[in-house]
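Below: the structure, in structure tokens.
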Amino acid sequence: MSKQGFAVRSLIALAVASAFPLHAALATEAEANAQPAAAEGQDAPAAASKDQLETVIVTAQRRAENIKDVPMSIATLKGDKLDVLTSGAADIRFLAGRSPSVNVESDYGRTFPRFYIRGLGNTDFDLNASQPVGYVMDDVVQENAMLKGFPVFDVEQVEVLRGPQGTLFGRNSPAGVIKFDSAKPVFKTEGYLQLGVGNFGAKNAEGVFNIPVSDTVALRFSGTTQHRDDRVHNTNPTAGKGTQDFEGYGDNAFRLQALVQPSKDFSALFNYHERDYHGTATLFRANIIKKGTNDLVDGFDYGSYPSDGINYQRLETKGGSVRLKYNLNDITLNSITGYEKLEFYSRADVDGGYGAVYAPPYGPGYIPFAVETEDQLPNHKQFSQEFRAESNYSGPLQWIGGLFFFDENIQINSVAYNTFSVGNVLSPAYAVQYQKNKSWAAFGTLNYAVTEQFKLRGGLRYTNDKKDFSASRIDYPTGSTTLTTVTHDLHSNSNNLSWDLSGTYELDKNTNLFARVATGYRAPSMQGRLSALTDVPSQANAEKALSGEFGVKQDLFDKRARLSASVFKYRVKDKQLTAGSGSVNMNQLINAEKVIGQGVELDLQANLGYGFSSTFGYSYNDTEIKDPNLFVQYCGNVSNNASSGCTPTNKAGPFAGTSSINGNPLPRAPKTQANFTLKYSTEVGNGEFYAYTDWTYRSSYNFFLYEAPEYKAKPLTEGGVRLGYKWGDGKYEVAAFGRNITDKQVIIGAIDFDNLTGMLNEPRTWGASFKMSF
């Protein structure tokens with residue numbers, strides 16, 4: 001080993017030793033069980049120890065590869081850890097903080113998740129919002145945010161690809177990609193049934209049945225049904241006004257797959273899936289923020305929500321895909337066809353209280369005006385097609401090339417209700433948006449082994465995006481009783497050439513160094529949630545990212561520990577941002593001249609010995625908006641009533657009611673995140689007892705582009721626990737679990753146009769489950 005290799009290995013081993021107090025025992029065991037390498041002509045060394053970590057295989061580069069050999073920052077979730085984090089039917093937001101540099105939040109509850117990687121995301125609540133984090137489920141890109149909250153069940157592995165993915169994935173992914181891979185059909189009979197109960201009347205069931213129909217056809221059916229009772233009650237003194245109970249839901253989904261494999265050279269995988277969700281929308285709680293702070297008001301009661309509005313949410317999604325794979329000896333051909341459609345309706349009392357100053361009684365606190373709205377997505381269709389060829393011959397040069405096509409149609413209705421009328425009747429004024437989005441791309445990558453230790457990769461992708469957008473407002477002109485329609489049309493046709501270049505150097509058999517430079521691209525975005533006849537839609541130009549990272553991936557202690565660490569820096573030109581509109585319930589799209597970010601990421605996992613195993617993740621993300629001429633409107637509630645308005649702290653902009661955001665961090669982007677898990681297992685009787693705890697921490701972040709103490713999230717630490725027993729060779733399992741076990745309650749989001757309205761994290765949940773496998 002070179003002096004350089006020895007130094008790197010020693011430093012990393014020291015970091016691991018500092019993090020894990022049981023390292024001495026682990027190191028001693030590793031030394032005692034180490035196997036010498038086989039000399040040429042001799043038998044191979046003994047099989048790997050059962051305490052060694054399993055090799056992680058990922059498809060981040062559209063090939064199955066050892067995660068250590070892929071020159072980018074990647075994290076995975078699977079197996080026990082994934083089961084624990086989704087205990088109690090947790091929705092997709094469980095990913096927040098569970099992987100370095102990843103945050104997930106939503107203003108809609110269990111639907112419309114918004115993803116952030118390395119601080120890059122989009123706070124837009126419009127149903128036409130695009131996101132810089134790509135989401136791929138079973139090799140099909142899920143463009144609209146409503147498609148990204150599909151329940152997590154029967155999942156083989158989750159991959160988090162950090163940094164721009166502008167060549168092989170490409171579809172609006174300058175921040176990264178989150179990739180879900182379902183368990184595939186296999187040629188044997190297997191499955192499981194899991195039943196669970198919990199507090200708040202939770203009842204959950206999940207099941208899988210896999211059966212070989214013949215030697216060439218296998219079917220796999222998996223499904224879940226999740227239910228929770230209402231847990232918040234309407235305490236509005238005007239009895240009978242509005243929805244009376246909240247936060248219950250029913251979420252049902254299934255996936256049916258058929259694998260047809262008539263020969264070793266050809267396979268076809270058919271996938272059909274549906275989701276039917278109904279429940280209540282996120283509760284916007286009026287005046288729960290103590291002015292001048294980010295504290296909850298004194299006497300706050302989570303179970304109480306005084307309201308005079310109707311609250312309801314419904315989401316139906318249906319989709320399918322066909323994946324064909326044909327092996328022509330030296331070349332493999334792939335075809336992936338995907339189709340998705342959805343319908344969505346979400347109605348909520350946005351002012352967060354009851355009554356108004358002009359319609360007493362009102363409360364809690366100051367209610368300047370009533371706002372009760374519904375967002376509808378009555379028509380959404382998405383079609384995608386990918387053709388890909390890849391080499392699989394021996395030799396130093398390998399390649400992938402392909403074409404991608406995407407076609408999406410959307411209609412969005414934004415309507416309002418007259419809260420003070422009998423039955424909260426629909427207002428005749430409303431806004432409607434239509435968008436047709438067509439895109440195509442050609443892409444290719446080359447992998448070349450310069451030497452046995454040094455390997456290079458490079459890729460190019462040409463993308464063309466075309467959008468035709470129309471926004472209309474149907475309303476009464478001032479002083480008129482006749483409805484008038486005003487329509488605005490927007491069009492864009494953009495193209496981009498993305499590229500990346502990366503390399504891996506094998507320092508020794510356990511240590512790889514990697515470096516990567518990559519670009520990313522997000523197509524222009526449009527929005528037209530108009531609230532008046534005088535409003536006009538907004539448009540943001542395409543954003544382009546350039547990112548560089550350097551890191552190390554290392555197996556330690558005879559592969560009983562694994563480390564991945566990286567440092568990165570990026571620049572995004574014309575960064576698309578979402579700004580509020582002061583005292584109006586709508587957003588505006590803007591471009592910042594530049595956003596820069598830099599940080600570090602660390603992933604560590606280890607089998608510690610004596611039945612203990614652990615994981616640790618950490619990230620530091622420093623983001624900054626750099627545009628001296630950019631300013632936004634700050635909280636409109638300060639003009640409604642100073643006592644219930646926020647206190648903006650940024651330098652004032654050139655117009656009244658505006659703030660300069662130059663130098664601010666990106667919103668919803670915590671600077672520091674950490675996660676930790678510890679598992680203990682031991683044989684008891686004829687089975688295995690295990691105890692698992694997981695913890696995540698994130699620092700504070702701004703809710704909006706401007707800064708105000710009321711709209712800055714508190715740091716948050718949440719923990720979970722799961723205790724279980726398996727017997728019958730793992731066929732049976734009983735477990736008890738708890739999530740957010742300290743019952744920490746903090747404000748995680750806000751609405752800034754009406755009053756000091758906030759949204760909260762999930763309260764403590766607990767429950768038990770029974771699983772039977774066959």
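Please note that chains go A, B, ... in the order of the structure tokens, that every chain numbers its residues from 1, and that ligands are numbered from 1 in the order shown.
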
Next item on the list: Extract the full set of strand (DSSP E) residues from region 346-489 of chain A according to DSSP on the backbone, and format it as a VMD selection string.
Entry: chain A and resid 346 to 349 354 to 356 359 to 363 372 to 391 397 to 417 426 to 449 454 to 475 484 to 489

Would you write out, as a Markdown table, a table of all residues in region 155-246 of chain A that have an atom no more than 10 Å from an atom of region 398-407 of chain A, listing for each the closest atom pair and the distance in Å to one decimal, considering only C-alpha atoms and ordering rows by chain and rising residue number?
```
| residue | atom | partner | partner_atom | distance |
| --- | --- | --- | --- | --- |
| A:Leu168 | CA | A:Ile400 | CA | 8.8 |
| A:Phe169 | CA | A:Phe404 | CA | 9.3 |
| A:Gly170 | CA | A:Phe404 | CA | 9.5 |
| A:Arg171 | CA | A:Phe406 | CA | 9.1 |
```

Margin query: Taking the DSSP secondary structure from the backbone, can you list the residues of region 496-666 of chain A that are helix (DSSP H, G or I), as an MDAnalysis selection string?
Written below: chainID A and resid 637:640 642:644

Output the selection as a PDB file, in the first residue's frame - N, CA and C atoms for each residue.
```
ATOM      1  N   ASN A 637     -49.648  39.887   6.006  1.00  0.00           N
ATOM      2  CA  ASN A 637     -50.425  40.004   7.240  1.00  0.00           C
ATOM      3  C   ASN A 637     -50.012  41.188   8.112  1.00  0.00           C
ATOM      4  N   VAL A 638     -48.785  41.703   7.917  1.00  0.00           N
ATOM      5  CA  VAL A 638     -48.357  42.838   8.725  1.00  0.00           C
ATOM      6  C   VAL A 638     -49.161  44.090   8.387  1.00  0.00           C
ATOM      7  N   SER A 639     -49.695  44.159   7.155  1.00  0.00           N
ATOM      8  CA  SER A 639     -50.504  45.314   6.771  1.00  0.00           C
ATOM      9  C   SER A 639     -51.960  45.147   7.199  1.00  0.00           C
ATOM     10  N   ASN A 640     -52.390  43.874   7.446  1.00  0.00           N
ATOM     11  CA  ASN A 640     -53.755  43.657   7.920  1.00  0.00           C
ATOM     12  C   ASN A 640     -53.922  44.090   9.370  1.00  0.00           C
ATOM     13  N   ALA A 642     -50.982  44.929  12.610  1.00  0.00           N
ATOM     14  CA  ALA A 642     -49.591  44.848  13.052  1.00  0.00           C
ATOM     15  C   ALA A 642     -49.403  43.822  14.155  1.00  0.00           C
ATOM     16  N   SER A 643     -50.406  43.642  15.008  1.00  0.00           N
ATOM     17  CA  SER A 643     -50.260  42.713  16.128  1.00  0.00           C
ATOM     18  C   SER A 643     -50.302  41.258  15.693  1.00  0.00           C
ATOM     19  N   SER A 644     -50.820  40.987  14.501  1.00  0.00           N
ATOM     20  CA  SER A 644     -50.858  39.600  14.018  1.00  0.00           C
ATOM     21  C   SER A 644     -50.058  39.448  12.735  1.00  0.00           C
TER      22      SER A 644
END
```

Note to self: Quick one: residues within 8 Å of region 417-425 of chain A, only C-alpha atoms, excluding same-chain residues fewer than 4 positions away - as a list in words?
What the structure shows: Asp308, Gly309, Ile310, Gly355, Ala370, Val371, Glu372 and Thr373 of chain A

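For the set A:Gln61, A:Val70, A:Ile288, A:Val572, the residue with the smallest atom-to-atom gap to Lys179 (chain A) is A:Gln61, counting only C-alpha atoms.
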
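Take the candidates A:Gly196, A:Gly248, A:Pro361, A:Gly242 and check each one against Ala281 (chain A) using only C-alpha atoms; the shortest distance goes to A:Gly248.
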
Margin query: Can you tell me which residues surround Tyr618 (chain A) at a distance of at most 10 Å, considering only C-alpha atoms, apart from same-chain residues fewer than 4 positions away, and format the answer as a ChimeraX atom specification?
Written below: /A:97-101,565,600-604,672-676,696-698

File dump, residues just selected, N, CA and C atoms, as a PDB file, in the first residue's frame:
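Printed below is part_3.pdb as written:
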```pdb
ATOM      1  N   GLY A  97     -34.608  13.936   6.103  1.00  0.00           N
ATOM      2  CA  GLY A  97     -33.516  13.804   7.046  1.00  0.00           C
ATOM      3  C   GLY A  97     -32.984  12.401   7.216  1.00  0.00           C
ATOM      4  N   ARG A  98     -33.608  11.394   6.569  1.00  0.00           N
ATOM      5  CA  ARG A  98     -33.149  10.015   6.744  1.00  0.00           C
ATOM      6  C   ARG A  98     -32.001   9.677   5.811  1.00  0.00           C
ATOM      7  N   SER A  99     -31.708  10.566   4.915  1.00  0.00           N
ATOM      8  CA  SER A  99     -30.544  10.456   4.050  1.00  0.00           C
ATOM      9  C   SER A  99     -29.896  11.835   4.016  1.00  0.00           C
ATOM     10  N   PRO A 100     -28.577  11.926   4.081  1.00  0.00           N
ATOM     11  CA  PRO A 100     -27.924  13.236   4.097  1.00  0.00           C
ATOM     12  C   PRO A 100     -28.396  14.142   2.962  1.00  0.00           C
ATOM     13  N   SER A 101     -28.606  15.402   3.296  1.00  0.00           N
ATOM     14  CA  SER A 101     -28.963  16.468   2.347  1.00  0.00           C
ATOM     15  C   SER A 101     -30.362  16.354   1.772  1.00  0.00           C
ATOM     16  N   ALA A 565     -17.966   9.366   1.955  1.00  0.00           N
ATOM     17  CA  ALA A 565     -17.878  10.781   2.330  1.00  0.00           C
ATOM     18  C   ALA A 565     -17.589  11.603   1.088  1.00  0.00           C
ATOM     19  N   VAL A 600     -20.741  19.179   2.798  1.00  0.00           N
ATOM     20  CA  VAL A 600     -20.154  17.851   2.964  1.00  0.00           C
ATOM     21  C   VAL A 600     -21.264  16.866   3.280  1.00  0.00           C
ATOM     22  N   GLU A 601     -21.016  15.597   2.957  1.00  0.00           N
ATOM     23  CA  GLU A 601     -21.966  14.522   3.234  1.00  0.00           C
ATOM     24  C   GLU A 601     -21.212  13.297   3.720  1.00  0.00           C
ATOM     25  N   LEU A 602     -21.796  12.599   4.667  1.00  0.00           N
ATOM     26  CA  LEU A 602     -21.167  11.421   5.247  1.00  0.00           C
ATOM     27  C   LEU A 602     -22.210  10.348   5.465  1.00  0.00           C
ATOM     28  N   ASP A 603     -21.925   9.154   4.965  1.00  0.00           N
ATOM     29  CA  ASP A 603     -22.739   7.964   5.221  1.00  0.00           C
ATOM     30  C   ASP A 603     -21.843   6.897   5.826  1.00  0.00           C
ATOM     31  N   LEU A 604     -22.292   6.312   6.935  1.00  0.00           N
ATOM     32  CA  LEU A 604     -21.498   5.305   7.611  1.00  0.00           C
ATOM     33  C   LEU A 604     -22.412   4.215   8.139  1.00  0.00           C
ATOM     34  N   THR A 672     -27.809  21.982   8.543  1.00  0.00           N
ATOM     35  CA  THR A 672     -27.234  20.775   9.122  1.00  0.00           C
ATOM     36  C   THR A 672     -28.307  19.713   9.287  1.00  0.00           C
ATOM     37  N   GLN A 673     -27.993  18.481   8.895  1.00  0.00           N
ATOM     38  CA  GLN A 673     -28.864  17.340   9.114  1.00  0.00           C
ATOM     39  C   GLN A 673     -28.020  16.161   9.578  1.00  0.00           C
ATOM     40  N   ALA A 674     -28.609  15.338  10.448  1.00  0.00           N
ATOM     41  CA  ALA A 674     -27.920  14.133  10.911  1.00  0.00           C
ATOM     42  C   ALA A 674     -28.964  13.060  11.179  1.00  0.00           C
ATOM     43  N   ASN A 675     -28.581  11.814  10.942  1.00  0.00           N
ATOM     44  CA  ASN A 675     -29.463  10.700  11.272  1.00  0.00           C
ATOM     45  C   ASN A 675     -28.642   9.569  11.855  1.00  0.00           C
ATOM     46  N   PHE A 676     -29.275   8.779  12.719  1.00  0.00           N
ATOM     47  CA  PHE A 676     -28.573   7.732  13.441  1.00  0.00           C
ATOM     48  C   PHE A 676     -29.525   6.583  13.706  1.00  0.00           C
ATOM     49  N   THR A 696     -33.296  11.493  13.986  1.00  0.00           N
ATOM     50  CA  THR A 696     -32.909  12.451  12.946  1.00  0.00           C
ATOM     51  C   THR A 696     -32.932  13.859  13.530  1.00  0.00           C
ATOM     52  N   TYR A 697     -32.002  14.657  13.083  1.00  0.00           N
ATOM     53  CA  TYR A 697     -31.900  16.055  13.520  1.00  0.00           C
ATOM     54  C   TYR A 697     -31.750  16.935  12.293  1.00  0.00           C
ATOM     55  N   ARG A 698     -32.422  18.076  12.324  1.00  0.00           N
ATOM     56  CA  ARG A 698     -32.180  19.098  11.319  1.00  0.00           C
ATOM     57  C   ARG A 698     -32.156  20.448  11.995  1.00  0.00           C
TER      58      ARG A 698
END
```

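Excluding Gly166 (chain A) and any residue on its chain fewer than 6 positions from it, the residues at most 9 Å away by only C-alpha atoms are A:Asn172, A:Ser173, A:Pro174, A:Gly176, A:Gly459, A:Leu460, A:Arg461, A:Leu497, A:Ser498, A:Trp499, A:Asp500, A:Ala518, A:Thr519, A:Gly520, A:Tyr521.
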
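The residue that comes closest to Thr86 (chain A), out of A:Ser182, A:Asn204, A:Thr481, A:Thr649 and on the basis of only C-alpha atoms, is A:Asn204.
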
Each residue of region 298-354 of chain A with at least one atom at most 9 Å from region 751-774 of chain A should appear once, together with its nearest atom pair and the corresponding distance in Å (one decimal); atoms considered: only C-alpha atoms; ordering: chain, then increasing residue number; output as CSV.
```
residue,atom,partner,partner_atom,distance
A:Tyr302,CA,A:Pro763,CA,8.6
A:Val350,CA,A:Ile751,CA,8.3
A:Asp351,CA,A:Asp754,CA,6.4
A:Gly352,CA,A:Thr757,CA,6.6
```

With 10 Å as the cut-off and only C-alpha atoms counted, what is the closest atom pair between each nearby residue of region 150-262 of chain A and region 724-733 of chain A? Distances in Å to one decimal, ordered by chain and number, as a tab-separated table.
```
residue	atom	partner	partner_atom	distance
A:Tyr192	CA	A:Lys731	CA	8.6
A:Leu193	CA	A:Tyr732	CA	9.9
A:Gln194	CA	A:Glu733	CA	9.0
```

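Using only C-alpha atoms, the contacts of region 681-685 of chain A at a cut-off of 9 Å, with sequence neighbours closer than 2 positions omitted, comprise Tyr610, Gly611, Phe612, Ser613, Lys679, Gly687, Glu688, Phe689, Tyr690, Ala691, Tyr692, Tyr725 and Trp727 of chain A.
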
Next item on the list: Fewer than 6 positions away in the same chain doesn't count, so skip those; otherwise give me all residues within 12 Å of Phe655 (chain A), counting only C-alpha atoms, as a count of residues only.
Entry: 5

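Nearest to Gly292 (chain A) of all the residues A:Gly653, A:Pro648, A:Pro378, A:Gly663 is A:Pro648, counting only C-alpha atoms.
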